[in-house]
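Raw target37.tsv, TSV, C-alpha atoms:
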chain	number	residue	atom	x	y	z
A	1	MET	CA	103.44	108.21	80.17
A	2	THR	CA	105.00	111.33	78.73
A	3	ASP	CA	108.56	110.42	77.79
A	4	HIS	CA	108.30	107.29	75.63
A	5	ASP	CA	109.39	107.48	72.00
A	6	PRO	CA	107.00	108.73	69.26
A	7	LEU	CA	106.43	105.24	67.83
A	8	ALA	CA	105.36	103.87	71.20
A	9	GLY	CA	103.22	107.00	71.63
A	10	HIS	CA	101.47	106.26	68.35
A	11	ALA	CA	100.73	102.67	69.42
A	12	TYR	CA	99.33	104.02	72.68
A	13	THR	CA	97.05	106.46	70.87
A	14	ALA	CA	95.72	103.63	68.70
A	15	ASP	CA	94.88	101.60	71.83
A	16	LYS	CA	93.46	104.57	73.71
A	17	ALA	CA	90.19	104.74	71.77
A	18	LYS	CA	89.62	101.00	72.31
A	19	LEU	CA	90.51	101.31	75.98
A	20	LEU	CA	88.08	104.18	76.46
A	21	ALA	CA	85.35	102.20	74.67
A	22	ARG	CA	85.96	99.25	77.01
A	23	LEU	CA	85.81	101.51	80.07
A	24	LYS	CA	82.56	103.05	78.76
A	25	ARG	CA	81.10	99.54	78.54
A	26	ILE	CA	82.26	98.76	82.10
A	27	GLU	CA	80.59	101.95	83.34
A	28	GLY	CA	77.41	100.74	81.60
A	29	GLN	CA	77.79	97.35	83.29
A	30	THR	CA	78.00	98.94	86.76
A	31	ARG	CA	74.94	101.08	85.96
A	32	GLY	CA	73.15	97.88	84.93
A	33	ILE	CA	74.09	96.20	88.23
A	34	HIS	CA	72.64	99.18	90.13
A	35	ARG	CA	69.39	98.89	88.16
A	36	MET	CA	69.20	95.12	88.74
A	37	VAL	CA	69.51	95.60	92.52
A	38	ASP	CA	67.02	98.48	92.42
A	39	GLU	CA	64.50	96.26	90.56
A	40	GLU	CA	65.27	93.44	93.03
A	41	GLN	CA	66.28	91.06	90.26
A	42	TYR	CA	67.46	87.58	91.15
A	43	CYS	CA	70.70	87.59	93.23
A	44	ILE	CA	72.45	85.00	91.10
A	45	ASP	CA	71.90	87.07	87.96
A	46	VAL	CA	73.33	90.15	89.73
A	47	LEU	CA	76.35	88.07	90.83
A	48	THR	CA	76.91	86.96	87.22
A	49	GLN	CA	76.98	90.59	86.10
A	50	ILE	CA	79.38	91.54	88.92
A	51	SER	CA	81.74	88.71	87.91
A	52	ALA	CA	81.63	89.96	84.31
A	53	ALA	CA	82.41	93.57	85.38
A	54	VAL	CA	85.30	92.38	87.59
A	55	SER	CA	86.75	90.31	84.71
A	56	ALA	CA	86.44	93.28	82.35
A	57	LEU	CA	88.20	95.61	84.83
A	58	GLU	CA	90.97	93.06	85.40
A	59	SER	CA	91.45	92.71	81.68
A	60	VAL	CA	91.86	96.51	81.32
A	61	ALA	CA	94.32	96.48	84.25
A	62	LEU	CA	96.41	93.74	82.57
A	63	GLN	CA	96.55	95.78	79.37
A	64	LEU	CA	97.60	98.96	81.23
A	65	LEU	CA	100.22	96.98	83.16
A	66	ASP	CA	101.59	95.53	79.92
A	67	GLU	CA	101.86	99.00	78.37
A	68	HIS	CA	103.41	100.40	81.54
A	69	LEU	CA	106.10	97.69	81.51
A	70	ARG	CA	106.80	98.26	77.80
A	71	HIS	CA	107.07	102.02	78.05
A	72	CYS	CA	107.75	103.46	81.50
A	73	VAL	CA	109.63	100.53	83.03
A	74	VAL	CA	111.72	99.76	79.94
A	75	ASP	CA	112.62	103.47	79.52
A	76	ALA	CA	113.58	103.75	83.19
A	77	ALA	CA	115.60	100.51	83.00
A	78	ARG	CA	117.56	101.95	80.08
A	79	ARG	CA	118.27	105.18	81.93
A	80	GLY	CA	119.15	103.14	85.06
A	81	GLY	CA	119.91	104.56	88.52
A	82	ASP	CA	117.45	105.41	91.28
A	83	GLU	CA	114.61	106.10	88.85
A	84	ALA	CA	114.79	102.51	87.56
A	85	GLU	CA	114.68	101.21	91.15
A	86	GLU	CA	111.68	103.38	91.96
A	87	LYS	CA	109.75	102.30	88.87
A	88	LEU	CA	110.42	98.64	89.70
A	89	ASP	CA	109.32	99.05	93.33
A	90	GLU	CA	106.22	100.85	92.12
A	91	VAL	CA	105.19	98.30	89.51
A	92	SER	CA	105.76	95.39	91.91
A	93	ARG	CA	103.53	97.05	94.47
A	94	ALA	CA	100.86	97.64	91.80
A	95	ILE	CA	100.98	93.96	90.76
A	96	ALA	CA	100.72	92.89	94.43
A	97	ARG	CA	97.74	95.23	95.02
A	98	PHE	CA	96.08	93.92	91.91
A	99	ALA	CA	96.72	90.25	92.85
A	100	LYS	CA	95.12	90.84	96.25
A	101	SER	CA	92.09	92.76	94.92
B	1	MET	CA	64.30	87.03	95.88
B	2	THR	CA	60.52	87.00	95.86
B	3	ASP	CA	59.49	84.17	98.19
B	4	HIS	CA	61.41	84.76	101.41
B	5	ASP	CA	59.43	85.53	104.58
B	6	PRO	CA	58.35	89.13	105.43
B	7	LEU	CA	60.95	89.52	108.18
B	8	ALA	CA	63.78	88.60	105.84
B	9	GLY	CA	62.22	90.95	103.27
B	10	HIS	CA	62.36	93.78	105.78
B	11	ALA	CA	66.06	93.15	106.48
B	12	TYR	CA	66.69	93.18	102.74
B	13	THR	CA	64.93	96.52	102.29
B	14	ALA	CA	67.08	98.06	105.04
B	15	ASP	CA	70.25	96.95	103.25
B	16	LYS	CA	68.99	97.88	99.82
B	17	ALA	CA	69.49	101.65	100.18
B	18	LYS	CA	73.08	101.10	101.38
B	19	LEU	CA	73.73	98.62	98.58
B	20	LEU	CA	72.43	101.05	95.96
B	21	ALA	CA	74.60	103.83	97.44
B	22	ARG	CA	77.67	101.57	97.21
B	23	LEU	CA	76.86	100.67	93.59
B	24	LYS	CA	76.41	104.38	92.79
B	25	ARG	CA	79.91	105.01	94.17
B	26	ILE	CA	81.32	102.13	92.09
B	27	GLU	CA	79.69	103.61	88.97
B	28	GLY	CA	81.42	106.91	89.87
B	29	GLN	CA	84.73	105.05	90.29
B	30	THR	CA	84.47	103.52	86.81
B	31	ARG	CA	83.60	106.95	85.35
B	32	GLY	CA	86.69	108.31	87.13
B	33	ILE	CA	88.87	105.57	85.60
B	34	HIS	CA	87.57	106.48	82.14
B	35	ARG	CA	88.45	110.12	82.74
B	36	MET	CA	91.94	109.25	84.04
B	37	VAL	CA	92.71	107.24	80.88
B	38	ASP	CA	91.23	109.99	78.70
B	39	GLU	CA	93.48	112.56	80.40
B	40	GLU	CA	96.43	110.13	80.06
B	41	GLN	CA	97.08	110.16	83.80
B	42	TYR	CA	99.88	108.00	85.18
B	43	CYS	CA	99.28	104.23	84.61
B	44	ILE	CA	100.05	103.25	88.19
B	45	ASP	CA	97.42	105.68	89.50
B	46	VAL	CA	94.85	104.23	87.09
B	47	LEU	CA	95.78	100.70	88.25
B	48	THR	CA	95.26	101.75	91.88
B	49	GLN	CA	91.76	103.00	91.03
B	50	ILE	CA	90.95	99.78	89.13
B	51	SER	CA	92.07	97.68	92.14
B	52	ALA	CA	89.80	99.79	94.37
B	53	ALA	CA	86.80	99.34	92.04
B	54	VAL	CA	87.41	95.57	91.81
B	55	SER	CA	87.59	95.31	95.62
B	56	ALA	CA	84.38	97.34	95.98
B	57	LEU	CA	82.54	95.11	93.46
B	58	GLU	CA	83.79	91.95	95.20
B	59	SER	CA	82.63	93.30	98.52
B	60	VAL	CA	79.11	93.89	97.09
B	61	ALA	CA	79.16	90.36	95.61
B	62	LEU	CA	80.06	88.85	98.99
B	63	GLN	CA	77.17	90.72	100.62
B	64	LEU	CA	74.70	89.57	97.95
B	65	LEU	CA	75.98	86.00	98.26
B	66	ASP	CA	75.55	86.11	102.03
B	67	GLU	CA	71.96	87.35	101.68
B	68	HIS	CA	71.24	84.80	98.99
B	69	LEU	CA	72.45	81.96	101.24
B	70	ARG	CA	70.41	83.28	104.19
B	71	HIS	CA	67.19	83.72	102.25
B	72	CYS	CA	66.87	81.75	99.01
B	73	VAL	CA	69.14	78.82	99.84
B	74	VAL	CA	67.89	78.39	103.42
B	75	ASP	CA	64.22	78.59	102.26
B	76	ALA	CA	64.86	76.05	99.50
B	77	ALA	CA	66.74	73.75	101.93
B	78	ARG	CA	63.72	73.79	104.24
B	79	ARG	CA	61.33	72.96	101.41
B	80	GLY	CA	63.78	70.27	100.20
B	81	GLY	CA	63.46	68.23	96.99
B	82	ASP	CA	64.66	69.16	93.51
B	83	GLU	CA	64.39	72.90	94.16
B	84	ALA	CA	66.93	72.63	97.01
B	85	GLU	CA	69.30	70.72	94.72
B	86	GLU	CA	68.95	73.32	91.98
B	87	LYS	CA	69.56	76.24	94.34
B	88	LEU	CA	72.69	74.51	95.68
B	89	ASP	CA	74.03	73.75	92.18
B	90	GLU	CA	73.34	77.34	91.21
B	91	VAL	CA	75.03	78.97	94.21
B	92	SER	CA	78.10	76.71	93.90
B	93	ARG	CA	78.45	77.69	90.25
B	94	ALA	CA	78.11	81.39	91.21
B	95	ILE	CA	80.83	81.04	93.87
B	96	ALA	CA	83.11	79.26	91.36
B	97	ARG	CA	82.52	81.97	88.73
B	98	PHE	CA	83.24	84.64	91.30
B	99	ALA	CA	86.41	82.88	92.54
B	100	LYS	CA	87.73	82.69	88.98
B	101	SER	CA	86.84	86.32	88.07
C	1	MET	CA	80.83	66.65	108.74
C	2	THR	CA	79.56	64.08	111.23
C	3	ASP	CA	75.78	64.50	111.28
C	4	HIS	CA	74.67	64.39	107.65
C	5	ASP	CA	72.41	61.52	106.56
C	6	PRO	CA	73.89	58.10	105.57
C	7	LEU	CA	73.30	58.62	101.83
C	8	ALA	CA	75.16	61.94	101.85
C	9	GLY	CA	77.86	60.22	103.92
C	10	HIS	CA	78.24	57.58	101.23
C	11	ALA	CA	78.63	60.24	98.53
C	12	TYR	CA	81.27	61.92	100.68
C	13	THR	CA	83.22	58.67	101.06
C	14	ALA	CA	83.15	58.15	97.30
C	15	ASP	CA	84.60	61.63	96.77
C	16	LYS	CA	87.10	61.34	99.59
C	17	ALA	CA	89.50	59.01	97.76
C	18	LYS	CA	89.50	61.35	94.73
C	19	LEU	CA	89.95	64.38	96.97
C	20	LEU	CA	92.92	62.78	98.74
C	21	ALA	CA	94.46	61.85	95.38
C	22	ARG	CA	94.12	65.47	94.22
C	23	LEU	CA	95.71	66.75	97.44
C	24	LYS	CA	98.55	64.24	97.02
C	25	ARG	CA	99.19	65.65	93.53
C	26	ILE	CA	99.14	69.22	94.90
C	27	GLU	CA	101.71	68.21	97.55
C	28	GLY	CA	103.83	66.82	94.68
C	29	GLN	CA	103.40	70.11	92.79
C	30	THR	CA	104.66	72.14	95.76
C	31	ARG	CA	107.63	69.76	96.15
C	32	GLY	CA	108.33	70.28	92.42
C	33	ILE	CA	108.26	74.08	92.86
C	34	HIS	CA	110.79	73.79	95.71
C	35	ARG	CA	113.07	71.70	93.49
C	36	MET	CA	112.74	74.16	90.57
C	37	VAL	CA	113.81	77.07	92.80
C	38	ASP	CA	116.62	74.98	94.30
C	39	GLU	CA	117.90	74.16	90.79
C	40	GLU	CA	117.48	77.86	89.84
C	41	GLN	CA	115.18	77.03	86.94
C	42	TYR	CA	113.73	79.85	84.87
C	43	CYS	CA	111.43	82.17	86.93
C	44	ILE	CA	108.60	82.14	84.40
C	45	ASP	CA	108.46	78.32	84.51
C	46	VAL	CA	108.32	78.42	88.31
C	47	LEU	CA	105.50	81.01	88.12
C	48	THR	CA	103.56	78.73	85.74
C	49	GLN	CA	103.82	75.88	88.24
C	50	ILE	CA	102.73	78.15	91.12
C	51	SER	CA	99.66	79.29	89.11
C	52	ALA	CA	98.80	75.62	88.47
C	53	ALA	CA	99.12	74.72	92.19
C	54	VAL	CA	96.98	77.73	93.19
C	55	SER	CA	94.27	76.74	90.67
C	56	ALA	CA	94.33	73.14	91.93
C	57	LEU	CA	93.98	74.28	95.56
C	58	GLU	CA	91.13	76.64	94.66
C	59	SER	CA	89.37	73.85	92.83
C	60	VAL	CA	89.60	71.61	95.93
C	61	ALA	CA	88.30	74.51	98.06
C	62	LEU	CA	85.30	74.99	95.76
C	63	GLN	CA	84.48	71.27	96.02
C	64	LEU	CA	84.73	71.32	99.83
C	65	LEU	CA	82.59	74.46	99.96
C	66	ASP	CA	79.97	72.83	97.74
C	67	GLU	CA	79.85	69.75	99.99
C	68	HIS	CA	79.77	71.91	103.10
C	69	LEU	CA	76.75	73.85	101.76
C	70	ARG	CA	74.95	70.63	100.77
C	71	HIS	CA	75.51	68.85	104.08
C	72	CYS	CA	76.31	71.05	107.08
C	73	VAL	CA	74.56	74.24	106.00
C	74	VAL	CA	71.43	72.52	104.66
C	75	ASP	CA	71.16	70.37	107.81
C	76	ALA	CA	71.56	73.41	110.05
C	77	ALA	CA	69.02	75.37	107.97
C	78	ARG	CA	66.50	72.57	108.48
C	79	ARG	CA	67.09	72.49	112.22
C	80	GLY	CA	66.93	76.32	112.29
C	81	GLY	CA	67.67	78.57	115.29
C	82	ASP	CA	71.03	79.89	116.42
C	83	GLU	CA	72.95	76.99	114.91
C	84	ALA	CA	71.67	77.89	111.42
C	85	GLU	CA	72.73	81.52	111.97
C	86	GLU	CA	76.19	80.45	113.11
C	87	LYS	CA	76.72	78.12	110.16
C	88	LEU	CA	75.69	80.89	107.76
C	89	ASP	CA	78.00	83.45	109.39
C	90	GLU	CA	80.80	80.90	109.27
C	91	VAL	CA	80.38	79.92	105.61
C	92	SER	CA	80.10	83.57	104.51
C	93	ARG	CA	83.34	84.36	106.31
C	94	ALA	CA	85.01	81.33	104.66
C	95	ILE	CA	83.86	82.47	101.20
C	96	ALA	CA	85.14	86.02	101.90
C	97	ARG	CA	88.52	84.68	103.11
C	98	PHE	CA	88.77	82.50	100.03
C	99	ALA	CA	87.80	85.35	97.67
C	100	LYS	CA	90.52	87.55	99.17
C	101	SER	CA	93.24	84.82	99.14
D	1	MET	CA	118.34	83.75	85.77
D	2	THR	CA	121.90	83.12	84.64
D	3	ASP	CA	123.07	86.39	83.11
D	4	HIS	CA	122.36	89.06	85.73
D	5	ASP	CA	125.32	90.88	87.25
D	6	PRO	CA	127.26	89.43	90.27
D	7	LEU	CA	125.73	91.85	92.77
D	8	ALA	CA	122.20	90.93	91.72
D	9	GLY	CA	123.32	87.28	91.86
D	10	HIS	CA	124.42	87.75	95.43
D	11	ALA	CA	121.09	89.26	96.41
D	12	TYR	CA	119.35	86.31	94.77
D	13	THR	CA	121.48	83.81	96.73
D	14	ALA	CA	120.63	85.59	99.97
D	15	ASP	CA	116.93	85.34	99.17
D	16	LYS	CA	117.15	81.78	97.89
D	17	ALA	CA	117.52	80.16	101.31
D	18	LYS	CA	114.51	82.11	102.61
D	19	LEU	CA	112.50	81.26	99.49
D	20	LEU	CA	113.29	77.55	99.86
D	21	ALA	CA	112.31	77.68	103.54
D	22	ARG	CA	108.97	79.28	102.60
D	23	LEU	CA	108.34	76.64	99.94
D	24	LYS	CA	109.18	73.92	102.46
D	25	ARG	CA	106.54	75.36	104.79
D	26	ILE	CA	103.99	75.47	101.94
D	27	GLU	CA	104.72	71.81	101.18
D	28	GLY	CA	104.07	71.11	104.89
D	29	GLN	CA	100.79	73.07	104.67
D	30	THR	CA	99.58	70.97	101.72
D	31	ARG	CA	100.54	67.78	103.58
D	32	GLY	CA	98.54	69.09	106.56
D	33	ILE	CA	95.49	69.73	104.34
D	34	HIS	CA	95.70	66.14	103.06
D	35	ARG	CA	95.78	64.84	106.64
D	36	MET	CA	92.83	67.05	107.68
D	37	VAL	CA	90.69	65.67	104.84
D	38	ASP	CA	91.85	62.12	105.60
D	39	GLU	CA	90.83	62.56	109.26
D	40	GLU	CA	87.54	64.15	108.09
D	41	GLN	CA	88.19	67.34	110.04
D	42	TYR	CA	85.66	70.16	109.84
D	43	CYS	CA	85.33	71.58	106.28
D	44	ILE	CA	85.63	75.21	107.35
D	45	ASP	CA	88.95	74.49	109.07
D	46	VAL	CA	90.23	72.79	105.91
D	47	LEU	CA	89.11	75.81	103.85
D	48	THR	CA	91.00	78.14	106.21
D	49	GLN	CA	94.18	76.12	105.66
D	50	ILE	CA	93.68	76.11	101.89
D	51	SER	CA	93.25	79.93	101.89
D	52	ALA	CA	96.50	80.20	103.89
D	53	ALA	CA	98.40	77.95	101.46
D	54	VAL	CA	97.05	79.90	98.45
D	55	SER	CA	98.11	83.23	100.04
D	56	ALA	CA	101.58	81.82	100.79
D	57	LEU	CA	102.00	80.58	97.19
D	58	GLU	CA	100.83	83.94	95.80
D	59	SER	CA	103.29	85.74	98.03
D	60	VAL	CA	106.16	83.58	96.69
D	61	ALA	CA	104.94	84.23	93.13
D	62	LEU	CA	104.96	88.01	93.73
D	63	GLN	CA	108.53	87.80	95.04
D	64	LEU	CA	109.69	85.75	92.04
D	65	LEU	CA	107.94	88.14	89.67
D	66	ASP	CA	109.61	91.12	91.35
D	67	GLU	CA	113.06	89.49	90.99
D	68	HIS	CA	112.33	88.51	87.41
D	69	LEU	CA	111.43	92.10	86.51
D	70	ARG	CA	114.55	93.44	88.27
D	71	HIS	CA	116.96	91.00	86.66
D	72	CYS	CA	115.79	89.31	83.45
D	73	VAL	CA	113.42	91.98	82.16
D	74	VAL	CA	115.69	94.93	83.01
D	75	ASP	CA	118.71	93.19	81.43
D	76	ALA	CA	116.72	92.38	78.30
D	77	ALA	CA	115.38	95.95	78.13
D	78	ARG	CA	118.95	97.25	78.24
D	79	ARG	CA	120.06	94.91	75.46
D	80	GLY	CA	116.88	95.81	73.49
D	81	GLY	CA	115.70	94.21	70.25
D	82	ASP	CA	113.61	91.07	69.83
D	83	GLU	CA	114.77	89.57	73.11
D	84	ALA	CA	113.34	92.55	75.04
D	85	GLU	CA	110.02	92.15	73.21
D	86	GLU	CA	109.92	88.43	73.99
D	87	LYS	CA	110.68	88.94	77.69
D	88	LEU	CA	107.92	91.55	77.92
D	89	ASP	CA	105.37	89.32	76.15
D	90	GLU	CA	106.36	86.48	78.44
D	91	VAL	CA	106.12	88.41	81.71
D	92	SER	CA	102.76	89.94	80.74
D	93	ARG	CA	101.39	86.48	80.01
D	94	ALA	CA	102.72	85.23	83.37
D	95	ILE	CA	101.04	88.13	85.22
D	96	ALA	CA	97.75	87.43	83.37
D	97	ARG	CA	97.94	83.71	84.20
D	98	PHE	CA	98.64	84.54	87.81
D	99	ALA	CA	95.80	87.10	88.00
D	100	LYS	CA	93.34	84.51	86.66
D	101	SER	CA	94.55	81.65	88.93

Show the structure stored in the file as structure tokens.
Amino acid sequence: MTDHDPLAGHAYTADKAKLLARLKRIEGQTRGIHRMVDEEQYCIDVLTQISAAVSALESVALQLLDEHLRHCVVDAARRGGDEAEEKLDEVSRAIARFAKS
Amino acid sequence: MTDHDPLAGHAYTADKAKLLARLKRIEGQTRGIHRMVDEEQYCIDVLTQISAAVSALESVALQLLDEHLRHCVVDAARRGGDEAEEKLDEVSRAIARFAKS
Amino acid sequence: MTDHDPLAGHAYTADKAKLLARLKRIEGQTRGIHRMVDEEQYCIDVLTQISAAVSALESVALQLLDEHLRHCVVDAARRGGDEAEEKLDEVSRAIARFAKS
Amino acid sequence: MTDHDPLAGHAYTADKAKLLARLKRIEGQTRGIHRMVDEEQYCIDVLTQISAAVSALESVALQLLDEHLRHCVVDAARRGGDEAEEKLDEVSRAIARFAKS
């Protein structure tokens, strides 16, 4: 994400702190799941925490995908040519991987 | 998972070390995703890592669900009565939550 | 689902008409999606209908899974032995397939 | 999908027949699921068919999304302005809906 315009870059920077805070929380959630299994807590409660961590990761992925479309894909589309094709192939594969995960 | 029989408990203990190792790796994956975003690495690469972490968490959830069915649900089914009903309601809700996450 | 007790069988029959009505609606949804593509309607509207059909199918699957656990798996658990093991392997594989679909 | 260029339109027409054939098969799959439930076939076999229908629908959705990005979103990005913003909001919402379904 190096060649978007300064305005878009500014928006990204604003989101970055929030994004990092969300990822920090997700890391804490996975540490909590480890502790729950270690303490042999009730399976269903562990499953609830795993579902929450998965939802949180998917929500981060959707935000990254949205930003990627707005910046990288839009920029490449404007420049056109092979690079645009490659970016479109790449993002479609990422969406497919994400849908299957 | 406190009232399953000793044999089942033994099987659980054998899996526990592996399960904890997998959760440790997942915690490392989420830490890696945080670092990638912090270093502003390429979105698509971050998305690939998120898909991998989601798949790893889902795989742990499926293993826990399998063990829960084999131990808690089977034990409750054998004892019958309200407890069996409650365990079945509970596991169905957990599967639904997991399917929607 | 042939060897559950008569009461459970009755409950199943009550649900069956509703289940068939839901599946009839899902068949109608898929026919509608075909027509939308044939008429070259707007992609996003087609995607919305596909998401709705997928959610409806998943909801039917969760209901069938719930009934399967309550009848077949519980019955097999009570009888015990190899049959119980097989039913548990089978339902865990079905949940995994469903989670990945 | 009315204002993409003639070449893209041609590609779409080529895919359209295949897409309609796939949707016809999915309609057949949902009719088959209805019949299986009506005949009270084994739950696990019904679940397998539902997983297959869900995967087939998701695969069609991924193809439509790919075409939508290549045609509508790229065209809008090139024209820029509010329309580009709207198309990006719309496609991100569609991906989110699809990821949660």

- Could you list, as a PyMOL selection string, every residue of chain B that has an atom within 6 Å of an atom of chain C, counting only C-alpha atoms? chain B and resi 66+74+77-78+92+99

Selection export as a PDB file, keeping the file's coordinate frame, atoms kept: C-alpha atoms:
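Printed below is again.pdb as written:
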ATOM      1  CA  ASP B  66      75.550  86.110 102.030  1.00  0.00           C
ATOM      2  CA  VAL B  74      67.890  78.390 103.420  1.00  0.00           C
ATOM      3  CA  ALA B  77      66.740  73.750 101.930  1.00  0.00           C
ATOM      4  CA  ARG B  78      63.720  73.790 104.240  1.00  0.00           C
ATOM      5  CA  SER B  92      78.100  76.710  93.900  1.00  0.00           C
ATOM      6  CA  ALA B  99      86.410  82.880  92.540  1.00  0.00           C
TER       7      ALA B  99
END

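Our summary of the geometry notes that CA of Ser51 (chain B) is positioned 6.8 Å from CA of Arg97 (chain A).
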
Note to self: One number please: CA of Glu90 (chain D) to CA of Leu64 (chain D), in Å, one decimal.
What the structure shows: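 A separation of 14.0 Å between them.
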
Checklist entry - Between CA of His71 (chain A) and CA of Gly32 (chain B), what is the distance, to one decimal in Å? => result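 Taking CA of His71 (chain A) and CA of Gly32 (chain B), their separation equals 23.2 Å.
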
Within 12 Å of Arg35 (chain A) using all atoms listed in the file, minus same-chain residues under 3 positions, as a PyMOL selection string
(chain A and resi 28-32+38-42+46+49) or (chain B and resi 16+19-21+23-24+27)

Report the centre and edge lengths, in Å to one decimal, of an axis-aligned box enclosing every atom of region 53-64 of chain B listed in the file, padded by 8 Å on each side, as JSON.
{"center_x": 81.1, "center_y": 94.1, "center_z": 96.2, "size_x": 28.9, "size_y": 26.5, "size_z": 24.8}
